[in-house]
Protein chains: 2
Amino acid sequence: MSESEKHYDLVIIGGGPAGLTAAIYSARKGLKTLVIERGIPGGRMNDAPFIENYPGFPDGIKGSELAILFVKQTEKFGVEIHQMEEVVDLDFKSDPKVIVTRKGKYLASAVIIAIGAERKKLLIPGEKEFLGRGVSYCATCDGFFFKNRIVAVIGSGDEAAEDALLLANLASKVYLITNAKSLECEEVLKGKIRESGKIEVINNYKVTKVIGDEVVKAVQLKNIDTGEEKEIEVNGVFFALGAVPMTEIMRKAGIETHERGCIIVDNMQKTNIEGVFAAGDCTCNSLFQVITAAAQGAKAATSAYNYIRDLKKTKR
Amino acid sequence: MSESEKHYDLVIIGGGPAGLTAAIYSARKGLKTLVIERGIPGGRMNDAPFIENYPGFPDGIKGSELAILFVKQTEKFGVEIHQMEEVVDLDFKSDPKVIVTRKGKYLASAVIIAIGAERKKLLIPGEKEFLGRGVSYCATCDGFFFKNRIVAVIGSGDEAAEDALLLANLASKVYLITNAKSLECEEVLKGKIRESGKIEVINNYKVTKVIGDEVVKAVQLKNIDTGEEKEIEVNGVFFALGAVPMTEIMRKAGIETHERGCIIVDNMQKTNIEGVFAAGDCTCNSLFQVITAAAQGAKAATSAYNYIRDLKKTKR
């Protein structure tokens, strides 16, 4: 076995809250653990300007700072983290399992997939610039900041409708802006939106720009049929366009996914392949919250530990 | 409606990590939320000497300190916490649901049960008699009394190992007595126990009696295979045998439980009764970890919020 074919008990693909928590639990159970992260560890925590609902931080904490705390804790227990290293090939059916990156080849008795999901973005002017200063991709996370203020929700599906309803509990006024002729969400949600009294649905417009100075002041809209442009004054803009797990490579390796692209797991985070577990936003039962992703990581590590322990027993 | 019959959107019974996290999520979704805790908020965190695996605290944190952080965060979002208030009667079938305590009566559109689990007892001679005079179920609370003295820890899992390690910081000598062939805790803990130099592990014995006069003087042990009996002189005995949920009152109110006493929930924390959810150590899928209890609380709050949203619509 060459140096580039190191054998680990557990390889965790993805270094967000699920992957790092899995690593903490795994290392504390005595497993030799490697985390492979294609970017910087922390995952979507790094995109969260400020997290107020992760329990234990009453004053809130910057997502990037929380990420650093997770990483430190992981390293403390002897976990190896390879960052900026992309997985390009997998063999989950072989024994041990094989993980190939652009830099090397790793063997593992068990694998946890924690690759997260990407929020869909519109990539319009102002969207990136005002992230954390009025622009958000998570109503559950950030809605509370907009108590008694005016917000816009961008999207036409269930997620957008649910976000608008949640925000109507908090904000003084909610614009729900869709690029469709009408809302495309469930009928129940449509009814609730009509009843709320706080939500104004604006159909058939696309959002062309987020406008502001220090913080968001307005969104610019363009009528899809007439090209007419208008501005709406808002304090916050919530993009609710869905999230896509980048699970193509996992499907190729035989992992069962839902048509939405998410990985199907049982309640102990097992996938359809023995010894391969998944946790966090890449799974179908994600709530897209740090706390739930971390808990899934802890569960996945417990399952992986039990799997490896049983494996060793069988081999003897 | 009298003052003592205040109507809340959500009443959470129990103020441990699950209940407090549920409260954070609930209040941030705009629900009027009450937490009723029969003791001090924090739940079993208050019994945890030192927590090293709750992600976000790389240097570890005292359980009681983490509990305070959870409470502060809950209060920040306007949650009411009633402590030292015991629930004595419930009506989960009425609308709204009714929660009666020794101090008042509360109405709620939805309820989350997060009552945790109680320490398991051996119920051997001397165990009850010497409670507070050498017998303890909480090393954090009582360890300091045994500074430079000799103690025994009864149990074979992570909890017993962690207690033994804490007590080794204080006591002159720690016996860790297990009824198993070997310790069943995490490898990291086994290593630390070996390194401590103060902990003597005695496997394969059950404790049959706590012996003393004014205070504890010894424990009587019996070898599980040979029946051989012996006494070990100690000043304190710490029972670390896990926990059982005290769900009697919940069963009376119609909540379905497992034969182990834990509450049966689906993966969105729903119990068998509409609008009643459960989270944390009182549920059957608990891992007895702060991170997983907290995540269940977040999920339960999300489910309760969805339930209340749908309820309002039906009523109109």
# chains A, B, ... in the order shown; residues from 1 in each chain; ligands from 1
$ closest_atom_pairs --of "chain B" --to "chain A" --cutoff "6 Å" --atoms "only C-alpha atoms" --output "JSON lines"
{"residue": "B:Arg28", "atom": "CA", "partner": "A:Phe144", "partner_atom": "CA", "distance": 5.7}
{"residue": "B:Gly30", "atom": "CA", "partner": "A:Asn169", "partner_atom": "CA", "distance": 5.5}
{"residue": "B:Pro55", "atom": "CA", "partner": "A:Phe70", "partner_atom": "CA", "distance": 5.8}
{"residue": "B:Gly56", "atom": "CA", "partner": "A:Leu69", "partner_atom": "CA", "distance": 5.0}
{"residue": "B:Pro58", "atom": "CA", "partner": "A:Gln73", "partner_atom": "CA", "distance": 4.0}
{"residue": "B:Leu69", "atom": "CA", "partner": "A:Gly56", "partner_atom": "CA", "distance": 5.1}
{"residue": "B:Phe70", "atom": "CA", "partner": "A:Gly56", "partner_atom": "CA", "distance": 5.1}
{"residue": "B:Lys72", "atom": "CA", "partner": "A:Pro58", "partner_atom": "CA", "distance": 5.8}
{"residue": "B:Gln73", "atom": "CA", "partner": "A:Pro58", "partner_atom": "CA", "distance": 4.0}
{"residue": "B:Glu186", "atom": "CA", "partner": "A:Lys29", "partner_atom": "CA", "distance": 4.9}
{"residue": "B:Glu187", "atom": "CA", "partner": "A:Gly30", "partner_atom": "CA", "distance": 5.1}
{"residue": "B:Val188", "atom": "CA", "partner": "A:Arg28", "partner_atom": "CA", "distance": 5.5}
{"residue": "B:Ile291", "atom": "CA", "partner": "A:Ala295", "partner_atom": "CA", "distance": 5.5}
{"residue": "B:Thr292", "atom": "CA", "partner": "A:Ala295", "partner_atom": "CA", "distance": 4.8}
{"residue": "B:Ala295", "atom": "CA", "partner": "A:Thr292", "partner_atom": "CA", "distance": 4.7}
$ write_last_selection --atoms "C-alpha atoms" --output "PDB file, in the first residue's frame"
ATOM      1  CA  ARG B  28     -38.311  32.637  16.410  1.00  0.00           C
ATOM      2  CA  GLY B  30     -43.458  33.930  16.127  1.00  0.00           C
ATOM      3  CA  PRO B  55     -20.003  20.888  18.598  1.00  0.00           C
ATOM      4  CA  GLY B  56     -18.937  24.511  18.887  1.00  0.00           C
ATOM      5  CA  PRO B  58     -13.520  22.952  21.230  1.00  0.00           C
ATOM      6  CA  LEU B  69     -26.271  29.486  27.686  1.00  0.00           C
ATOM      7  CA  PHE B  70     -29.311  27.569  26.386  1.00  0.00           C
ATOM      8  CA  LYS B  72     -30.248  32.791  28.055  1.00  0.00           C
ATOM      9  CA  GLN B  73     -30.785  32.154  24.361  1.00  0.00           C
ATOM     10  CA  GLU B 186     -15.760   4.835  24.143  1.00  0.00           C
ATOM     11  CA  GLU B 187     -12.123   3.930  23.354  1.00  0.00           C
ATOM     12  CA  VAL B 188     -11.009   7.473  24.212  1.00  0.00           C
ATOM     13  CA  ILE B 291     -26.715  17.533  20.182  1.00  0.00           C
ATOM     14  CA  THR B 292     -29.344  14.944  19.237  1.00  0.00           C
ATOM     15  CA  ALA B 295     -32.003  18.669  17.080  1.00  0.00           C
TER      16      ALA B 295
END
$ select_by_dssp --residues "region 59-183 of chain A" --states "strand (DSSP E)" --output "number ranges by chain"
A: 80-82, 87-91, 97-101, 105-113, 118-119, 135-136, 150-154, 173-177
$ write_last_selection --atoms "N, CA, C and O atoms" --output "short mmCIF file (atom, residue, chain, number, x, y, z; two decimals), in the first residue's frame"
data_model
loop_
_atom_site.label_atom_id
_atom_site.label_comp_id
_atom_site.auth_asym_id
_atom_site.auth_seq_id
_atom_site.Cartn_x
_atom_site.Cartn_y
_atom_site.Cartn_z
N GLU A 80 -7.93 13.92 10.78
CA GLU A 80 -7.23 14.57 9.67
C GLU A 80 -8.27 15.26 8.80
O GLU A 80 -9.29 14.66 8.45
N ILE A 81 -8.01 16.50 8.43
CA ILE A 81 -8.90 17.19 7.49
C ILE A 81 -8.09 17.57 6.25
O ILE A 81 -7.07 18.25 6.35
N HIS A 82 -8.52 17.07 5.10
CA HIS A 82 -7.90 17.50 3.84
C HIS A 82 -8.84 18.50 3.18
O HIS A 82 -9.93 18.12 2.74
N VAL A 87 -13.24 14.98 -4.49
CA VAL A 87 -13.42 13.56 -4.79
C VAL A 87 -13.84 13.43 -6.25
O VAL A 87 -14.77 14.10 -6.70
N VAL A 88 -13.14 12.56 -6.99
CA VAL A 88 -13.47 12.41 -8.41
C VAL A 88 -13.94 11.01 -8.77
O VAL A 88 -14.57 10.80 -9.81
N ASP A 89 -13.66 10.04 -7.90
CA ASP A 89 -14.12 8.68 -8.20
C ASP A 89 -14.32 7.90 -6.90
O ASP A 89 -13.66 8.17 -5.89
N LEU A 90 -15.26 6.97 -6.94
CA LEU A 90 -15.61 6.20 -5.75
C LEU A 90 -15.85 4.75 -6.10
O LEU A 90 -16.39 4.46 -7.17
N ASP A 91 -15.45 3.85 -5.21
CA ASP A 91 -15.90 2.47 -5.32
C ASP A 91 -16.41 2.03 -3.95
O ASP A 91 -15.63 1.70 -3.06
N LYS A 97 -13.60 0.13 0.95
CA LYS A 97 -14.13 1.09 -0.02
C LYS A 97 -13.02 2.03 -0.48
O LYS A 97 -12.06 2.28 0.26
N VAL A 98 -13.15 2.52 -1.71
CA VAL A 98 -12.10 3.34 -2.32
C VAL A 98 -12.62 4.74 -2.62
O VAL A 98 -13.71 4.89 -3.20
N ILE A 99 -11.84 5.74 -2.21
CA ILE A 99 -12.19 7.13 -2.48
C ILE A 99 -11.01 7.76 -3.21
O ILE A 99 -9.89 7.80 -2.68
N VAL A 100 -11.25 8.22 -4.44
CA VAL A 100 -10.17 8.81 -5.24
C VAL A 100 -10.41 10.32 -5.36
O VAL A 100 -11.51 10.75 -5.71
N THR A 101 -9.37 11.09 -5.03
CA THR A 101 -9.46 12.55 -5.20
C THR A 101 -8.46 12.96 -6.26
O THR A 101 -7.72 12.13 -6.79
N LYS A 105 -5.51 8.57 -3.31
CA LYS A 105 -6.48 7.48 -3.26
C LYS A 105 -6.54 7.02 -1.81
O LYS A 105 -5.50 6.82 -1.17
N TYR A 106 -7.74 6.87 -1.25
CA TYR A 106 -7.88 6.49 0.15
C TYR A 106 -8.75 5.25 0.26
O TYR A 106 -9.69 5.07 -0.51
N LEU A 107 -8.42 4.42 1.25
CA LEU A 107 -9.22 3.23 1.52
C LEU A 107 -9.96 3.47 2.84
O LEU A 107 -9.42 4.09 3.76
N ALA A 108 -11.17 2.92 2.93
CA ALA A 108 -11.95 3.15 4.15
C ALA A 108 -12.85 1.96 4.45
O ALA A 108 -13.44 1.37 3.54
N SER A 109 -12.94 1.60 5.73
CA SER A 109 -13.85 0.53 6.13
C SER A 109 -15.29 1.01 6.05
O SER A 109 -16.19 0.23 5.74
N ALA A 110 -15.51 2.30 6.33
CA ALA A 110 -16.85 2.87 6.22
C ALA A 110 -16.74 4.30 5.72
O ALA A 110 -15.68 4.93 5.84
N VAL A 111 -17.82 4.78 5.13
CA VAL A 111 -17.83 6.13 4.55
C VAL A 111 -19.09 6.87 5.01
O VAL A 111 -20.17 6.27 5.10
N ILE A 112 -18.92 8.14 5.33
CA ILE A 112 -20.09 9.01 5.56
C ILE A 112 -20.10 10.10 4.49
O ILE A 112 -19.09 10.78 4.29
N ILE A 113 -21.22 10.20 3.79
CA ILE A 113 -21.39 11.25 2.77
C ILE A 113 -22.06 12.44 3.44
O ILE A 113 -23.17 12.32 3.97
N GLU A 118 -26.42 22.79 -2.48
CA GLU A 118 -26.18 24.17 -2.89
C GLU A 118 -27.51 24.89 -2.98
O GLU A 118 -28.43 24.41 -3.63
N ARG A 119 -27.61 26.07 -2.37
CA ARG A 119 -28.79 26.92 -2.55
C ARG A 119 -28.80 27.43 -3.97
O ARG A 119 -27.78 27.89 -4.48
N VAL A 135 -30.11 40.31 2.36
CA VAL A 135 -30.34 39.14 1.51
C VAL A 135 -30.13 37.87 2.32
O VAL A 135 -29.14 37.76 3.06
N SER A 136 -31.07 36.94 2.20
CA SER A 136 -30.96 35.67 2.92
C SER A 136 -31.50 34.53 2.07
O SER A 136 -32.36 34.75 1.20
N ILE A 150 -40.31 45.12 6.45
CA ILE A 150 -40.92 44.73 5.17
C ILE A 150 -39.95 43.82 4.41
O ILE A 150 -38.77 44.13 4.27
N VAL A 151 -40.46 42.69 3.96
CA VAL A 151 -39.58 41.74 3.25
C VAL A 151 -40.22 41.26 1.95
O VAL A 151 -41.43 41.32 1.77
N ALA A 152 -39.36 40.80 1.05
CA ALA A 152 -39.82 40.14 -0.17
C ALA A 152 -39.32 38.72 -0.17
O ALA A 152 -38.20 38.45 0.28
N VAL A 153 -40.18 37.81 -0.62
CA VAL A 153 -39.76 36.42 -0.81
C VAL A 153 -39.77 36.16 -2.32
O VAL A 153 -40.75 36.48 -2.99
N ILE A 154 -38.69 35.60 -2.84
CA ILE A 154 -38.58 35.34 -4.27
C ILE A 154 -38.72 33.84 -4.51
O ILE A 154 -37.92 33.06 -3.99
N LYS A 173 -45.01 43.28 6.65
CA LYS A 173 -45.55 43.14 5.29
C LYS A 173 -44.63 42.20 4.51
O LYS A 173 -43.41 42.30 4.62
N VAL A 174 -45.25 41.31 3.74
CA VAL A 174 -44.45 40.36 2.95
C VAL A 174 -44.90 40.41 1.49
O VAL A 174 -46.09 40.24 1.19
N TYR A 175 -43.98 40.70 0.58
CA TYR A 175 -44.24 40.56 -0.85
C TYR A 175 -43.75 39.18 -1.27
O TYR A 175 -42.61 38.81 -0.99
N LEU A 176 -44.63 38.45 -1.96
CA LEU A 176 -44.22 37.15 -2.50
C LEU A 176 -44.15 37.31 -4.01
O LEU A 176 -45.19 37.49 -4.67
N ILE A 177 -42.94 37.30 -4.54
CA ILE A 177 -42.73 37.65 -5.94
C ILE A 177 -42.44 36.39 -6.75
O ILE A 177 -41.46 35.68 -6.48
#
$ residues_around --residues "Glu233 (chain A)" --least-positions-apart "3" --cutoff "9 Å" --atoms "only C-alpha atoms" --output "ChimeraX atom specification"
/A:150-151,216-220
$ write_last_selection --atoms "all heavy atoms" --output "PDB file, in the first residue's frame"
ATOM      1  N   ILE A 150     -40.308  45.123   6.446  1.00  0.00           N
ATOM      2  CA  ILE A 150     -40.918  44.728   5.172  1.00  0.00           C
ATOM      3  C   ILE A 150     -39.952  43.816   4.412  1.00  0.00           C
ATOM      4  O   ILE A 150     -38.774  44.135   4.274  1.00  0.00           O
ATOM      5  CB  ILE A 150     -41.239  45.971   4.315  1.00  0.00           C
ATOM      6  CG1 ILE A 150     -42.156  46.924   5.103  1.00  0.00           C
ATOM      7  CG2 ILE A 150     -41.890  45.559   2.992  1.00  0.00           C
ATOM      8  CD1 ILE A 150     -42.296  48.293   4.450  1.00  0.00           C
ATOM      9  N   VAL A 151     -40.463  42.688   3.959  1.00  0.00           N
ATOM     10  CA  VAL A 151     -39.582  41.742   3.252  1.00  0.00           C
ATOM     11  C   VAL A 151     -40.219  41.262   1.949  1.00  0.00           C
ATOM     12  O   VAL A 151     -41.432  41.323   1.775  1.00  0.00           O
ATOM     13  CB  VAL A 151     -39.255  40.501   4.115  1.00  0.00           C
ATOM     14  CG1 VAL A 151     -38.500  40.893   5.373  1.00  0.00           C
ATOM     15  CG2 VAL A 151     -40.525  39.724   4.473  1.00  0.00           C
ATOM     16  N   VAL A 216     -30.123  46.531   2.474  1.00  0.00           N
ATOM     17  CA  VAL A 216     -31.094  46.473   1.392  1.00  0.00           C
ATOM     18  C   VAL A 216     -32.183  47.535   1.580  1.00  0.00           C
ATOM     19  O   VAL A 216     -32.676  47.746   2.693  1.00  0.00           O
ATOM     20  CB  VAL A 216     -31.732  45.065   1.327  1.00  0.00           C
ATOM     21  CG1 VAL A 216     -32.975  45.069   0.436  1.00  0.00           C
ATOM     22  CG2 VAL A 216     -30.726  44.038   0.831  1.00  0.00           C
ATOM     23  N   LYS A 217     -32.540  48.197   0.494  1.00  0.00           N
ATOM     24  CA  LYS A 217     -33.589  49.229   0.523  1.00  0.00           C
ATOM     25  C   LYS A 217     -34.773  48.854  -0.381  1.00  0.00           C
ATOM     26  O   LYS A 217     -35.891  49.297  -0.151  1.00  0.00           O
ATOM     27  CB  LYS A 217     -33.031  50.579   0.033  1.00  0.00           C
ATOM     28  CG  LYS A 217     -31.906  51.155   0.885  1.00  0.00           C
ATOM     29  CD  LYS A 217     -32.446  51.768   2.151  1.00  0.00           C
ATOM     30  CE  LYS A 217     -31.315  52.450   2.932  1.00  0.00           C
ATOM     31  NZ  LYS A 217     -31.708  52.745   4.306  1.00  0.00           N
ATOM     32  N   ALA A 218     -34.490  48.101  -1.439  1.00  0.00           N
ATOM     33  CA  ALA A 218     -35.548  47.820  -2.420  1.00  0.00           C
ATOM     34  C   ALA A 218     -35.142  46.665  -3.327  1.00  0.00           C
ATOM     35  O   ALA A 218     -33.976  46.255  -3.350  1.00  0.00           O
ATOM     36  CB  ALA A 218     -35.804  49.060  -3.270  1.00  0.00           C
ATOM     37  N   VAL A 219     -36.134  46.135  -4.038  1.00  0.00           N
ATOM     38  CA  VAL A 219     -35.831  45.206  -5.138  1.00  0.00           C
ATOM     39  C   VAL A 219     -36.422  45.787  -6.426  1.00  0.00           C
ATOM     40  O   VAL A 219     -37.459  46.446  -6.413  1.00  0.00           O
ATOM     41  CB  VAL A 219     -36.429  43.788  -4.926  1.00  0.00           C
ATOM     42  CG1 VAL A 219     -35.578  42.974  -3.998  1.00  0.00           C
ATOM     43  CG2 VAL A 219     -37.878  43.843  -4.455  1.00  0.00           C
ATOM     44  N   GLN A 220     -35.709  45.540  -7.514  1.00  0.00           N
ATOM     45  CA  GLN A 220     -36.185  45.985  -8.812  1.00  0.00           C
ATOM     46  C   GLN A 220     -36.821  44.795  -9.522  1.00  0.00           C
ATOM     47  O   GLN A 220     -36.232  43.706  -9.556  1.00  0.00           O
ATOM     48  CB  GLN A 220     -35.007  46.501  -9.634  1.00  0.00           C
ATOM     49  CG  GLN A 220     -35.414  47.259 -10.876  1.00  0.00           C
ATOM     50  CD  GLN A 220     -34.174  47.765 -11.596  1.00  0.00           C
ATOM     51  OE1 GLN A 220     -33.411  46.982 -12.163  1.00  0.00           O
ATOM     52  NE2 GLN A 220     -33.957  49.070 -11.546  1.00  0.00           N
TER      53      GLN A 220
END
$ select_by_dssp --residues "region 23-129 of chain B" --states "alpha helix (DSSP H)" --output "count of residues only"
20
$ calpha_fit_rmsd --fixed "chain B" --moving "chain A"
6.4 Å
$ residues_around --residues "Arg44 (chain B)" --least-positions-apart "3" --cutoff "7 Å" --atoms "only C-alpha atoms" --output "list in words"
Gly16, Asp47 and Ala48 of chain B
$ residues_around --residues "Glu86 (chain B)" --least-positions-apart "4" --cutoff "12 Å" --atoms "only C-alpha atoms" --output "VMD selection string"
chain B and resid 13 to 15 35 to 40 82 90 99 to 105 115 249
$ write_last_selection --atoms "C-alpha atoms" --output "mmCIF file, in the first residue's frame"
data_model
loop_
_atom_site.group_PDB
_atom_site.id
_atom_site.type_symbol
_atom_site.label_atom_id
_atom_site.label_comp_id
_atom_site.auth_asym_id
_atom_site.auth_seq_id
_atom_site.Cartn_x
_atom_site.Cartn_y
_atom_site.Cartn_z
ATOM 1 C CA ILE B 13 -43.129 20.462 29.146
ATOM 2 C CA GLY B 14 -39.510 20.103 30.243
ATOM 3 C CA GLY B 15 -36.578 22.523 30.047
ATOM 4 C CA VAL B 35 -41.636 26.203 28.970
ATOM 5 C CA ILE B 36 -42.687 24.455 32.188
ATOM 6 C CA GLU B 37 -39.800 22.854 34.102
ATOM 7 C CA ARG B 38 -40.318 21.029 37.366
ATOM 8 C CA GLY B 39 -36.744 21.693 38.532
ATOM 9 C CA ILE B 40 -34.060 24.009 37.228
ATOM 10 C CA HIS B 82 -41.665 28.629 34.595
ATOM 11 C CA LEU B 90 -53.145 16.912 31.284
ATOM 12 C CA ILE B 99 -51.901 21.592 31.123
ATOM 13 C CA VAL B 100 -52.451 21.756 34.884
ATOM 14 C CA THR B 101 -49.568 22.377 37.302
ATOM 15 C CA ARG B 102 -49.458 22.812 41.055
ATOM 16 C CA LYS B 103 -49.497 26.576 40.396
ATOM 17 C CA GLY B 104 -51.997 27.052 37.576
ATOM 18 C CA LYS B 105 -53.724 25.929 34.422
ATOM 19 C CA ILE B 115 -39.424 15.650 30.059
ATOM 20 C CA ILE B 249 -48.552 10.926 33.415
#
$ closest_residue --among "A:Ala240, A:Ala114, A:Glu256, A:Lys93" --to "Val11 (chain A)" --atoms "only C-alpha atoms"
A:Ala114
$ residues_around --residues "Glu159 (chain A)" --least-positions-apart "4" --cutoff "9 Å" --atoms "only C-alpha atoms" --output "JSON, numbers by chain"
{"A": [155, 163, 164, 185, 240, 241, 242]}
